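Q: Please see the structure below; I have some questions.
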Amino acid sequence: LAAARALDGDPVRAVRAAVAVELAHNFTLLHDDVIDEDRTRRHRPTAWAVFGIPDAVIAGDAMLALAQRLLAEDPDPASARASARLSTCVIELCAGQQADCAFEDRGPEGVTLEECLSMATAKTGTLLGCACALGALYAGAEERAVRGMDGFGREAGLAFQLIDDLIGIWGDPVRTGKPVGADLVAHKKSLPVVAALTSGTPAAAELATLYRGSMNTPGEVSRAADAVERAGGRDWAQICAADRMARAVNHLSRAVPDLGRAGDLLTLAEFVTRRTH
């Protein structure tokens, strides 16, 4: 809706597409919680934890089908291109999720930073890029503006993931609704962790040793978080998030020459880089 507004489109025209994107988003969350065995999200029990894995998976499948039906039944001229773009987005999301799962079978030093950035872009950046691109399509924008909006969303999404990964290690459980160092306990090869593991520092070797173990005690989790920080993973992620957001704004300026019209999207960009939960 913000993307449509920024391009002088009527946001009401894009409501159906916005709902479709949000349904697709929640489809991914339902399935992610099953895959990751997360029992809480947004301070509430996850669907699979309450209703069981079969119902959670089926509900996610139904949400995705409903998202596509909304676009298929939309009489707007932009709906066909929007439907194709959302389908392409979901395929990319699945590829990113598969890569994320595959990383778990590799040793601590078995994932490169480039692979991790590509995975995060596919898992998070592609959906935000799709949302912004659909807004441009429903505003009747030229292809150049659609690509610019997609680029903005992808870079903003990657910045979001970088901050999310930091919160996954150092976030306040009261605000996040998840235990301290939840990503470390799960041995997640998140962006700051991979940056630390590939730093070639003594702290990287210490972190790799911890990742080969169970890491079940608060002391081990605390040592792992400290190792990530000493290896430069925390600083790298913060700097990279700021860089990606600068790239996002650059893409946005190409799509919307007068950034004053893109106030909602710039507010989103500021939220992404300042969020703490």
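Residue numbering restarts at 1 in every chain; chains get A, B, ... in the order shown in the structure tokens, and ligands count up from 1 in that same order.
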From a DSSP pass on the backbone, collect the residues of stretch 43-277 of chain A flagged as helix (DSSP H, G or I) and hand them back as a PyMOL selection string.

A: chain A and resi 47-51+53-72+79-103+113-138+143-170+173-176+182-185+191-197+202-212+218-230+233-255+259-274

Q: Would you kindly return, as number ranges by chain, each protein, DNA or RNA residue with an atom no farther than 7 Å from any atom of stretch 61-65 of chain A, considering only C-alpha atoms and excluding same-chain residues fewer than 3 positions away?

A: A: 23-24, 27, 57-58, 68-69

Q: For the selection you just gave me, I'd like the residues written to a file as an mmCIF file, in the first residue's frame, keeping all heavy atoms.

A:
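File produced: out-v2.cif:
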data_model
loop_
_atom_site.group_PDB
_atom_site.id
_atom_site.type_symbol
_atom_site.label_atom_id
_atom_site.label_comp_id
_atom_site.auth_asym_id
_atom_site.auth_seq_id
_atom_site.Cartn_x
_atom_site.Cartn_y
_atom_site.Cartn_z
ATOM 1 N N LEU A 23 -1.088 -13.063 3.506
ATOM 2 C CA LEU A 23 -1.441 -14.475 3.628
ATOM 3 C C LEU A 23 -0.234 -15.359 3.299
ATOM 4 O O LEU A 23 0.042 -16.340 4.001
ATOM 5 C CB LEU A 23 -2.606 -14.813 2.700
ATOM 6 C CG LEU A 23 -3.992 -14.361 3.172
ATOM 7 C CD1 LEU A 23 -4.992 -14.438 2.029
ATOM 8 C CD2 LEU A 23 -4.466 -15.200 4.357
ATOM 9 N N ALA A 24 0.485 -15.010 2.228
ATOM 10 C CA ALA A 24 1.690 -15.768 1.874
ATOM 11 C C ALA A 24 2.734 -15.667 2.974
ATOM 12 O O ALA A 24 3.411 -16.645 3.306
ATOM 13 C CB ALA A 24 2.254 -15.259 0.544
ATOM 14 N N PHE A 27 1.714 -17.970 5.759
ATOM 15 C CA PHE A 27 1.980 -19.348 5.332
ATOM 16 C C PHE A 27 3.422 -19.723 5.668
ATOM 17 O O PHE A 27 3.689 -20.805 6.210
ATOM 18 C CB PHE A 27 1.691 -19.470 3.830
ATOM 19 C CG PHE A 27 2.674 -20.312 3.055
ATOM 20 C CD1 PHE A 27 2.661 -21.697 3.139
ATOM 21 C CD2 PHE A 27 3.610 -19.701 2.220
ATOM 22 C CE1 PHE A 27 3.579 -22.471 2.409
ATOM 23 C CE2 PHE A 27 4.514 -20.460 1.490
ATOM 24 C CZ PHE A 27 4.510 -21.845 1.586
ATOM 25 N N VAL A 57 0.484 -27.317 9.222
ATOM 26 C CA VAL A 57 0.959 -27.402 7.833
ATOM 27 C C VAL A 57 -0.199 -27.187 6.866
ATOM 28 O O VAL A 57 -0.092 -26.433 5.885
ATOM 29 C CB VAL A 57 1.644 -28.764 7.578
ATOM 30 C CG1 VAL A 57 1.919 -28.951 6.092
ATOM 31 C CG2 VAL A 57 2.945 -28.855 8.370
ATOM 32 N N ILE A 58 -1.324 -27.826 7.132
ATOM 33 C CA ILE A 58 -2.490 -27.707 6.249
ATOM 34 C C ILE A 58 -3.013 -26.271 6.245
ATOM 35 O O ILE A 58 -3.406 -25.733 5.200
ATOM 36 C CB ILE A 58 -3.586 -28.701 6.680
ATOM 37 C CG1 ILE A 58 -3.119 -30.137 6.399
ATOM 38 C CG2 ILE A 58 -4.896 -28.406 5.966
ATOM 39 C CD1 ILE A 58 -3.983 -31.191 7.053
ATOM 40 N N GLN A 68 -3.363 -16.905 -3.622
ATOM 41 C CA GLN A 68 -3.404 -16.969 -5.082
ATOM 42 C C GLN A 68 -4.831 -16.796 -5.615
ATOM 43 O O GLN A 68 -5.040 -16.190 -6.666
ATOM 44 C CB GLN A 68 -2.809 -18.289 -5.569
ATOM 45 C CG GLN A 68 -1.290 -18.367 -5.432
ATOM 46 C CD GLN A 68 -0.567 -17.371 -6.348
ATOM 47 O OE1 GLN A 68 -1.173 -16.623 -7.100
ATOM 48 N NE2 GLN A 68 0.755 -17.362 -6.280
ATOM 49 N N ARG A 69 -5.823 -17.297 -4.877
ATOM 50 C CA ARG A 69 -7.202 -17.144 -5.331
ATOM 51 C C ARG A 69 -7.623 -15.681 -5.320
ATOM 52 O O ARG A 69 -8.344 -15.217 -6.215
ATOM 53 C CB ARG A 69 -8.154 -17.967 -4.464
ATOM 54 C CG ARG A 69 -9.565 -18.062 -5.065
ATOM 55 C CD ARG A 69 -10.480 -18.933 -4.227
ATOM 56 N NE ARG A 69 -10.950 -18.245 -3.034
ATOM 57 C CZ ARG A 69 -11.776 -18.798 -2.134
ATOM 58 N NH1 ARG A 69 -12.181 -20.040 -2.284
ATOM 59 N NH2 ARG A 69 -12.170 -18.110 -1.086
#

Q: Have a look at A:Ser87, A:Thr273, A:Thr121, A:Thr28 and name the one nearest to A:Ala246; count only C-alpha atoms.

A: A:Thr273

Q: List as a list in words the protein and nucleic acid residues near A:Tyr138, meaning an atom at most 9 Å away when only C-alpha atoms are counted, but skip any in the same chain fewer than 4 places from it.

A: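 Using only C-alpha atoms, the neighbours found are Ala4, Gly9, Asp10, Pro11, Arg13, Ala14, Ala17, Asp76, Pro77, Ala78, Ser79, Ala82, Ala133 and Leu134 of chain A.
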
Q: Within 9 Å of A:Trp48, counting only C-alpha atoms, which residues qualify if same-chain residues fewer than 6 places away don't, as a PDB file with C-alpha atoms, in the first residue's frame?

A:
ATOM      1  CA  LEU A  30       3.318 -21.397  10.101  1.00  0.00           C
ATOM      2  CA  HIS A  31       5.684 -23.718   8.235  1.00  0.00           C
ATOM      3  CA  ASP A  33       7.601 -22.702  13.223  1.00  0.00           C
ATOM      4  CA  VAL A  34       7.091 -26.382  12.425  1.00  0.00           C
ATOM      5  CA  GLU A  37      10.178 -26.433  16.335  1.00  0.00           C
ATOM      6  CA  ASP A  38       9.514 -22.963  17.777  1.00  0.00           C
ATOM      7  CA  ARG A  39       6.795 -23.103  20.393  1.00  0.00           C
ATOM      8  CA  PRO A  54      -0.665 -31.674  10.537  1.00  0.00           C
ATOM      9  CA  ASP A  55      -3.190 -28.888  11.166  1.00  0.00           C
ATOM     10  CA  ALA A  56      -0.476 -26.192  11.152  1.00  0.00           C
ATOM     11  CA  VAL A  57       0.959 -27.402   7.833  1.00  0.00           C
TER      12      VAL A  57
END

Q: A:Phe160: which residues within 8 Å, counting only C-alpha atoms, same-chain residues fewer than 5 positions away excluded, as an mmCIF file with all heavy atoms, in the first residue's frame?

A:
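Just written: around_12.cif:
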data_model
loop_
_atom_site.group_PDB
_atom_site.id
_atom_site.type_symbol
_atom_site.label_atom_id
_atom_site.label_comp_id
_atom_site.auth_asym_id
_atom_site.auth_seq_id
_atom_site.Cartn_x
_atom_site.Cartn_y
_atom_site.Cartn_z
ATOM 1 N N THR A 124 13.922 -13.584 3.226
ATOM 2 C CA THR A 124 13.306 -12.387 3.783
ATOM 3 C C THR A 124 13.185 -11.261 2.762
ATOM 4 O O THR A 124 12.123 -10.657 2.619
ATOM 5 C CB THR A 124 14.113 -11.886 5.006
ATOM 6 O OG1 THR A 124 14.277 -12.953 5.927
ATOM 7 C CG2 THR A 124 13.408 -10.732 5.694
ATOM 8 N N ALA A 241 23.822 -3.983 8.007
ATOM 9 C CA ALA A 241 22.415 -3.578 7.986
ATOM 10 C C ALA A 241 22.282 -2.128 7.546
ATOM 11 O O ALA A 241 21.401 -1.788 6.737
ATOM 12 C CB ALA A 241 21.785 -3.775 9.360
ATOM 13 N N VAL A 272 13.120 -0.587 10.536
ATOM 14 C CA VAL A 272 13.913 -1.796 10.351
ATOM 15 C C VAL A 272 15.263 -1.682 11.052
ATOM 16 O O VAL A 272 15.724 -2.609 11.720
ATOM 17 C CB VAL A 272 14.110 -2.084 8.842
ATOM 18 C CG1 VAL A 272 15.221 -3.102 8.617
ATOM 19 C CG2 VAL A 272 12.806 -2.604 8.241
ATOM 20 N N THR A 273 15.899 -0.525 10.893
ATOM 21 C CA THR A 273 17.263 -0.385 11.426
ATOM 22 C C THR A 273 17.281 -0.045 12.927
ATOM 23 O O THR A 273 18.316 -0.198 13.564
ATOM 24 C CB THR A 273 18.022 0.710 10.665
ATOM 25 O OG1 THR A 273 17.231 1.914 10.628
ATOM 26 C CG2 THR A 273 18.306 0.257 9.242
#

Q: From the options A:Met149, A:Val174, A:Ala208, A:Leu29, which residue's atoms come nearest to A:Ser253, counting only C-alpha atoms?

A: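 Among the listed residues, the smallest separation from A:Ser253 belongs to A:Met149.
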
Q: Tell me which protein, DNA and RNA residues are within 12 Å of A:Glu220, counting only C-alpha atoms, leaving out same-chain ones fewer than 2 positions away, and put them as a CSV table (one decimal) with N, CA, C and O atoms, in the first residue's frame.

A:
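Written file, part-v1.csv:
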chain,number,residue,atom,x,y,z
A,180,VAL,N,16.6,-16.3,25.9
A,180,VAL,CA,17.9,-15.7,25.6
A,180,VAL,C,18.7,-16.6,24.7
A,180,VAL,O,18.9,-17.8,24.9
A,181,GLY,N,19.3,-16.0,23.6
A,181,GLY,CA,20.2,-16.7,22.7
A,181,GLY,C,19.5,-17.8,22.0
A,181,GLY,O,20.1,-18.9,21.8
A,184,LEU,N,21.2,-19.3,19.1
A,184,LEU,CA,22.5,-20.1,19.5
A,184,LEU,C,22.1,-21.5,20.0
A,184,LEU,O,22.8,-22.4,19.6
A,185,VAL,N,21.1,-21.6,20.8
A,185,VAL,CA,20.7,-22.9,21.4
A,185,VAL,C,20.3,-23.8,20.2
A,185,VAL,O,20.6,-25.0,20.2
A,187,HIS,N,21.6,-23.7,17.3
A,187,HIS,CA,22.8,-23.8,16.5
A,187,HIS,C,22.5,-23.2,15.1
A,187,HIS,O,23.0,-23.7,14.1
A,206,GLU,N,36.8,-20.7,18.9
A,206,GLU,CA,36.1,-21.0,20.2
A,206,GLU,C,34.6,-21.2,19.9
A,206,GLU,O,34.0,-22.1,20.4
A,207,LEU,N,34.1,-20.4,19.0
A,207,LEU,CA,32.6,-20.5,18.7
A,207,LEU,C,32.4,-21.8,17.9
A,207,LEU,O,31.4,-22.4,18.2
A,209,THR,N,33.9,-24.6,18.2
A,209,THR,CA,33.9,-25.7,19.2
A,209,THR,C,32.6,-25.7,20.0
A,209,THR,O,32.0,-26.8,20.2
A,210,LEU,N,32.1,-24.6,20.4
A,210,LEU,CA,30.8,-24.5,21.0
A,210,LEU,C,29.7,-25.0,20.1
A,210,LEU,O,28.8,-25.7,20.6
A,211,TYR,N,29.7,-24.7,18.9
A,211,TYR,CA,28.7,-25.1,17.9
A,211,TYR,C,28.7,-26.6,17.6
A,211,TYR,O,27.7,-27.2,17.2
A,212,ARG,N,29.9,-27.2,17.9
A,212,ARG,CA,29.9,-28.7,17.7
A,212,ARG,C,29.3,-29.4,18.9
A,212,ARG,O,29.1,-30.6,18.9
A,213,GLY,N,29.1,-28.7,20.0
A,213,GLY,CA,28.6,-29.3,21.2
A,213,GLY,C,27.1,-29.1,21.3
A,213,GLY,O,26.4,-28.7,20.4
A,214,SER,N,26.5,-29.4,22.5
A,214,SER,CA,25.1,-29.3,22.7
A,214,SER,C,24.6,-27.9,22.9
A,214,SER,O,23.5,-27.5,22.6
A,215,MET,N,25.4,-27.1,23.6
A,215,MET,CA,25.1,-25.7,24.0
A,215,MET,C,23.8,-25.6,24.7
A,215,MET,O,22.9,-24.8,24.2
A,216,ASN,N,23.6,-26.3,25.7
A,216,ASN,CA,22.3,-26.3,26.4
A,216,ASN,C,22.2,-25.4,27.7
A,216,ASN,O,21.2,-25.0,28.1
A,217,THR,N,23.4,-25.2,28.2
A,217,THR,CA,23.4,-24.4,29.5
A,217,THR,C,23.5,-22.9,29.2
A,217,THR,O,24.1,-22.5,28.2
A,218,PRO,N,23.0,-22.1,30.2
A,218,PRO,CA,23.1,-20.7,30.0
A,218,PRO,C,24.5,-20.2,29.9
A,218,PRO,O,24.8,-19.2,29.1
A,222,SER,N,26.0,-18.0,26.8
A,222,SER,CA,26.6,-16.7,27.1
A,222,SER,C,28.0,-16.7,26.5
A,222,SER,O,28.4,-15.7,25.9
A,223,ARG,N,28.8,-17.8,26.6
A,223,ARG,CA,30.1,-17.8,26.0
A,223,ARG,C,30.0,-17.7,24.4
A,223,ARG,O,30.9,-17.1,23.8
A,224,ALA,N,29.0,-18.4,23.8
A,224,ALA,CA,28.9,-18.3,22.4
A,224,ALA,C,28.6,-16.9,21.9
A,224,ALA,O,29.1,-16.4,20.9
A,225,ALA,N,27.6,-16.3,22.6
A,225,ALA,CA,27.3,-14.9,22.3
A,225,ALA,C,28.5,-14.0,22.4
A,225,ALA,O,28.8,-13.1,21.5
A,226,ASP,N,29.3,-14.2,23.5
A,226,ASP,CA,30.5,-13.4,23.7
A,226,ASP,C,31.5,-13.7,22.5
A,226,ASP,O,32.2,-12.7,22.0
A,227,ALA,N,31.6,-14.9,22.1
A,227,ALA,CA,32.6,-15.3,21.0
A,227,ALA,C,32.2,-14.6,19.7
A,227,ALA,O,33.0,-14.2,18.9

Q: Find, counting only C-alpha atoms, the residue in A:Gly168, A:Gly148, A:Val221, A:Lys178 that gets nearest to A:Leu252.

A: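 Checking each of A:Gly168, A:Gly148, A:Val221, A:Lys178 against A:Leu252, counting only C-alpha atoms, the winner is A:Gly148.
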
Q: Measuring between only C-alpha atoms, which one of A:Ala269, A:Cys101, A:Ile35, A:Ala255 shows the shortest distance to A:Arg147?

A: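 Closest to A:Arg147, using only C-alpha atoms: A:Ala255.
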
Q: Please measure the separation of atom CA of A:Lys188 and atom CA of A:Ala205, giving the value in Å to one decimal.

A: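 About the pair atom CA of A:Lys188 and atom CA of A:Ala205: they are 16.5 Å apart.
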